[in-house]
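Asker: A single structure is presented below for examination.
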2 protein chains.
Amino acid sequence: MIYQRVALIGLGLIASSMFWGIKRQGLAGEVRGFARSEATRETARRIGLCDVVCDSAIEAVTDADLVVLAVPVGAMGAVAAEIAPHLKPGATVTDVGSVKQDVIDTVGPHLPEGVDFVAGHPLAGTEHSGPESGFAELFDNRWCLLVPVEGAAPKAVADLRALWEGLGSNVEEMEAEHHDLVLAVTSHTPHLIAYTMVGVADDLRRVTDSEVIKYSAAGFRDFTRIAASDPTMWRDVFMTNKEATLEILGRFTEELFALQRAIRTGDGDHLHDYFTRTRAIRRGIIEAGQDTDAPDFGRGASR
Amino acid sequence: MIYQRVALIGLGLIASSMFWGIKRQGLAGEVRGFARSEATRETARRIGLCDVVCDSAIEAVTDADLVVLAVPVGAMGAVAAEIAPHLKPGATVTDVGSVKQDVIDTVGPHLPEGVDFVAGHPLAGTEHSGPESGFAELFDNRWCLLVPVEGAAPKAVADLRALWEGLGSNVEEMEAEHHDLVLAVTSHTPHLIAYTMVGVADDLRRVTDSEVIKYSAAGFRDFTRIAASDPTMWRDVFMTNKEATLEILGRFTEELFALQRAIRTGDGDHLHDYFTRTRAIRRGIIEAGQDTDAPDFGRGASR
């Protein structure tokens, strides 16, 4: 057991998966949970999510050794302000937001002396959200990035690392700014692009909805999966990782225009060279164990 | 048995999957295959791909009741010109290219009277290519679009439909121009975008290769899968479906710029509305049976 008492603030996909994972491995004595919505709290009680579902964030964090902020990035600051006076001395506060610098800037100033703040980001998710979407295996063999805030006690970082490892993750520490740039490349910009492509398809009147859906197997389907993620979470990501996302978007449109020109001018060699280069990255991902080489990806039969 | 003798010209992912599917269901008496590359023909002989592997396309198509052109779209015309004088009267010629108007324009004029041309496009694939990448189940519950060329005998269309249904596909007929637009939306443009995003990631010097690969789970990984597809095939797709792809790309960049502006100006409502709308399309795809609702998509553990 790493913590006597853990408080999960917000009970969506990540927090609910953390709860089931903590129970799987016996990583904490008691897990208390709070969600702003009464409906979510009722659902949590019904499905046995959390040992105690509290009716206020303050009740949840009282006496907690670890407080996990698992709300959209844009809501972190307000939650921190509310709970700060009620945090146990020596407690650790962490979060699971997709953006780190903004969370550190908005949460950090609220936290009292004697509380360690170690920001975190588990790189795991599905397109589902809400208290019923969690499952204990979500973090298995996924990365969790920790961003210890200046002054955080080494033991607080070590315990949180042990928790995430107990949840199945591989853990690395990273600077906030670097985190936000890496994620802009590997997650935030791809999500925005997927949202855009799905929106374009939806807009086209000559290609009926049903056709787009029927014939989605080759490529588009993967975009729709990405673009089905939680709207509030993603709005907040783009509002708070603005600079890095805009930088990567700028590079993306620059490259896209070059390929578009190659199509228009019939420069097949340019396209072929480009497409050959991108294949190597895919091989790297398979070798790194972050996906499988199974040939029938995305097909119902193999699930 | 639908055909006495089938000739597969080109022995990549699609043709090799067709062979294994034909054998699974006993859909043809004999399947002959030809590939331009000697190495591919040797591999095919070694793994038992095709009843007879021929050393020329002409040998393969002689006496064939069905000839399947399974080469990149840009190579179709030359193959058609070579085999045309050797086609059996009453034979059917089809193809499996991702673009239909261009194939009809380049293949059609070569074919003699008395041969039926029914263009085709199975909407199935993986990011793998080559003679060893095929498997009998590739077409199960996928769509196959047929574009009968003017004058094609109804029986030729019906037999080809029966073949694809025997391979597990759902078959629909469609006009060539409409096909090319629908595919530009659901496949061609998404592929170009995925190639671009992967290329951008590869270019970024501040985000090392290994980080992009390590932290690919959230979004980017799906892009790399798409962007690992066969470069020659995709070059030809963009060279031959230029107009529709450029049209959809134009709409895509227009939408992307609107979202980019919303990020820059901090217009969270615009983003939230947009992201909410795209979620519905995903639900439609799951309801249409073209993907599953499994929460752990893309994760090795569930394969």
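Chain labels A, B, ... are given in the sequence in which chains occur in the structure tokens; within each chain residues are numbered consecutively from 1, and ligands are likewise numbered from 1 in the order shown.
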Can you list, as a PyMOL selection string, every residue of segment 15-231 of chain B that DSSP puts in strand (DSSP E or B)?
Answerer: chain B and resi 28-34+52-53+66-69+92-95+116-122+143-148+170-173
Asker: Would you please give, as a compact mmCIF listing (two decimals) with C-alpha atoms, in the first residue's frame, all residues of segment 22-217 of chain A that DSSP assigns to alpha helix (DSSP H) based on the backbone?
Answerer:
# COMPACT_ATOMS: atom_id res chain seq x y z
CA ILE A 22 -5.68 0.92 -7.42
CA LYS A 23 -8.08 -1.79 -6.27
CA ARG A 24 -6.53 -4.36 -8.61
CA GLN A 25 -3.16 -3.90 -6.96
CA GLU A 38 -24.87 14.74 -8.85
CA ALA A 39 -25.73 12.30 -11.63
CA THR A 40 -22.08 11.25 -11.84
CA ARG A 41 -21.93 10.75 -8.09
CA GLU A 42 -25.06 8.61 -8.23
CA THR A 43 -23.65 6.52 -11.03
CA ALA A 44 -20.42 6.09 -9.10
CA ARG A 45 -22.30 4.87 -6.03
CA ARG A 46 -24.35 2.49 -8.13
CA ILE A 47 -21.35 0.84 -9.81
CA ALA A 57 -14.49 18.14 -2.82
CA ILE A 58 -13.54 19.34 0.65
CA GLU A 59 -14.91 16.21 2.28
CA ALA A 60 -13.04 14.08 -0.26
CA VAL A 61 -9.63 15.70 0.28
CA MET A 76 -8.15 22.84 -12.24
CA GLY A 77 -7.52 26.30 -10.80
CA ALA A 78 -10.96 26.69 -9.25
CA VAL A 79 -10.82 23.22 -7.71
CA ALA A 80 -7.37 23.91 -6.27
CA ALA A 81 -8.58 27.16 -4.72
CA GLU A 82 -11.51 25.39 -3.11
CA ILE A 83 -9.62 22.45 -1.60
CA GLN A 101 2.57 24.45 -17.76
CA ASP A 102 -0.89 25.95 -17.51
CA VAL A 103 -1.91 23.55 -14.74
CA ILE A 104 1.23 24.35 -12.78
CA ASP A 105 0.63 28.08 -13.24
CA THR A 106 -3.01 27.95 -12.15
CA VAL A 107 -2.92 25.26 -9.45
CA PRO A 154 11.78 13.51 -3.51
CA LYS A 155 9.66 11.10 -1.48
CA ALA A 156 6.46 12.63 -2.85
CA VAL A 157 7.75 12.10 -6.39
CA ALA A 158 8.90 8.56 -5.60
CA ASP A 159 5.54 7.58 -4.09
CA LEU A 160 3.61 8.97 -7.01
CA ARG A 161 5.94 7.15 -9.39
CA ALA A 162 5.28 3.93 -7.45
CA LEU A 163 1.54 4.50 -7.75
CA TRP A 164 1.70 4.90 -11.52
CA GLU A 165 3.98 1.93 -11.87
CA GLY A 166 1.53 -0.04 -9.76
CA ALA A 176 6.56 21.25 -18.28
CA GLU A 177 7.42 23.24 -21.39
CA HIS A 178 8.96 20.26 -23.13
CA HIS A 179 5.97 18.13 -22.20
CA ASP A 180 3.60 20.61 -23.78
CA LEU A 181 5.56 20.69 -27.03
CA VAL A 182 5.90 16.89 -27.28
CA LEU A 183 2.20 16.49 -26.63
CA THR A 189 -2.43 18.69 -33.13
CA PRO A 190 -3.45 15.21 -34.37
CA HIS A 191 -6.68 15.59 -32.43
CA LEU A 192 -7.41 19.00 -33.91
CA ILE A 193 -6.75 17.66 -37.39
CA ALA A 194 -8.98 14.67 -36.85
CA TYR A 195 -11.76 16.89 -35.56
CA THR A 196 -11.37 19.08 -38.63
CA MET A 197 -11.47 16.21 -41.11
CA VAL A 198 -14.57 14.74 -39.50
CA GLY A 199 -16.19 18.17 -39.53
CA VAL A 200 -15.43 18.57 -43.24
CA ALA A 201 -16.99 15.21 -44.00
CA ASP A 202 -20.05 16.19 -42.00
CA ASP A 203 -20.42 19.42 -43.93
CA ASP A 209 -23.82 11.14 -43.99
CA SER A 210 -24.63 7.53 -44.51
CA GLU A 211 -22.03 7.17 -47.23
CA VAL A 212 -19.31 8.74 -45.14
CA ILE A 213 -20.18 6.34 -42.37
CA LYS A 214 -20.63 3.29 -44.58
Asker: Report, to one decimal in Å, the C-alpha RMSD of chain A against chain B after an in-order least-squares superposition over all those atoms.
Answerer: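 C-alpha RMSD, chain A fitted to chain B: 0.0 Å.
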Asker: Which one of A:Ala228, A:Leu259, A:Met233, A:Ile2 sits closest to chain B if you count only C-alpha atoms?
Answerer: A:Ala228
Asker: For Pro112 of chain A, which residue among A:Gly21, A:His86, A:Gly97, A:Glu132 is the nearest when counting only C-alpha atoms?
Answerer: A:His86
Asker: If we count only C-alpha atoms, what is near Arg283 of chain B at a cut-off of 9 Å, once residues fewer than 3 positions away on the same chain are taken out, given as a ChimeraX atom specification?
Answerer: /A:224,228 /B:279-280,286-288,293
Asker: With C-alpha atoms kept, could you save the residues just selected as a compact mmCIF listing (two decimals), in the first residue's frame?
Answerer:
# COMPACT_ATOMS: atom_id res chain seq x y z
CA THR A 224 -13.60 9.58 -36.20
CA ALA A 228 -15.08 11.33 -30.62
CA ARG B 279 -18.81 12.90 -31.85
CA ALA B 280 -22.10 12.01 -33.50
CA ILE B 286 -20.26 2.09 -34.64
CA GLU B 287 -23.97 1.66 -35.28
CA ALA B 288 -23.23 0.89 -38.93
CA ASP B 293 -17.24 0.25 -29.36
Asker: Need to verify the contact set: Thr186 of chain A, 7 Å, only C-alpha atoms, exclusion of same-chain residues closer than 6 positions in sequence. Can you return it as number ranges by chain?
Answerer: B: 212, 215-216, 218-220
Asker: Leaving out Glu150 of chain B and any residue of its chain fewer than 5 positions from it, which residues lie within 10 Å of it when counting only C-alpha atoms, given as a PDB file with N, CA and C atoms, in the first residue's frame?
Answerer:
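Heads up, here's the output in around_21.pdb:
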ATOM      1  N   GLY B 108     -10.128   1.159 -70.099  1.00  0.00           N
ATOM      2  CA  GLY B 108     -11.252   0.912 -70.998  1.00  0.00           C
ATOM      3  C   GLY B 108     -10.903   0.865 -72.480  1.00  0.00           C
ATOM      4  N   ASP B 116     -16.099  -7.816 -70.989  1.00  0.00           N
ATOM      5  CA  ASP B 116     -16.824  -6.910 -70.092  1.00  0.00           C
ATOM      6  C   ASP B 116     -15.880  -6.305 -69.072  1.00  0.00           C
ATOM      7  N   PHE B 117     -15.994  -4.997 -68.896  1.00  0.00           N
ATOM      8  CA  PHE B 117     -15.154  -4.293 -67.933  1.00  0.00           C
ATOM      9  C   PHE B 117     -16.046  -3.804 -66.793  1.00  0.00           C
ATOM     10  N   VAL B 118     -15.799  -4.323 -65.617  1.00  0.00           N
ATOM     11  CA  VAL B 118     -16.534  -3.904 -64.421  1.00  0.00           C
ATOM     12  C   VAL B 118     -15.493  -3.469 -63.393  1.00  0.00           C
TER      13      VAL B 118
END
Asker: Quick one: distance from atom CA of Thr208 of chain B to atom CA of Met174 of chain A in Å, one decimal?
Answerer: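 Result for atom CA of Thr208 of chain B versus atom CA of Met174 of chain A: 13.5 Å, one decimal.
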Asker: In Å, how far is it from atom CA of Thr240 of chain A to atom CA of Thr62 of chain A?
Answerer: 29.0 Å
Asker: Grab the atom CA of Arg32 of chain A to atom CA of Val52 of chain A distance for me, in Å with one decimal place.
Answerer: 4.8 Å
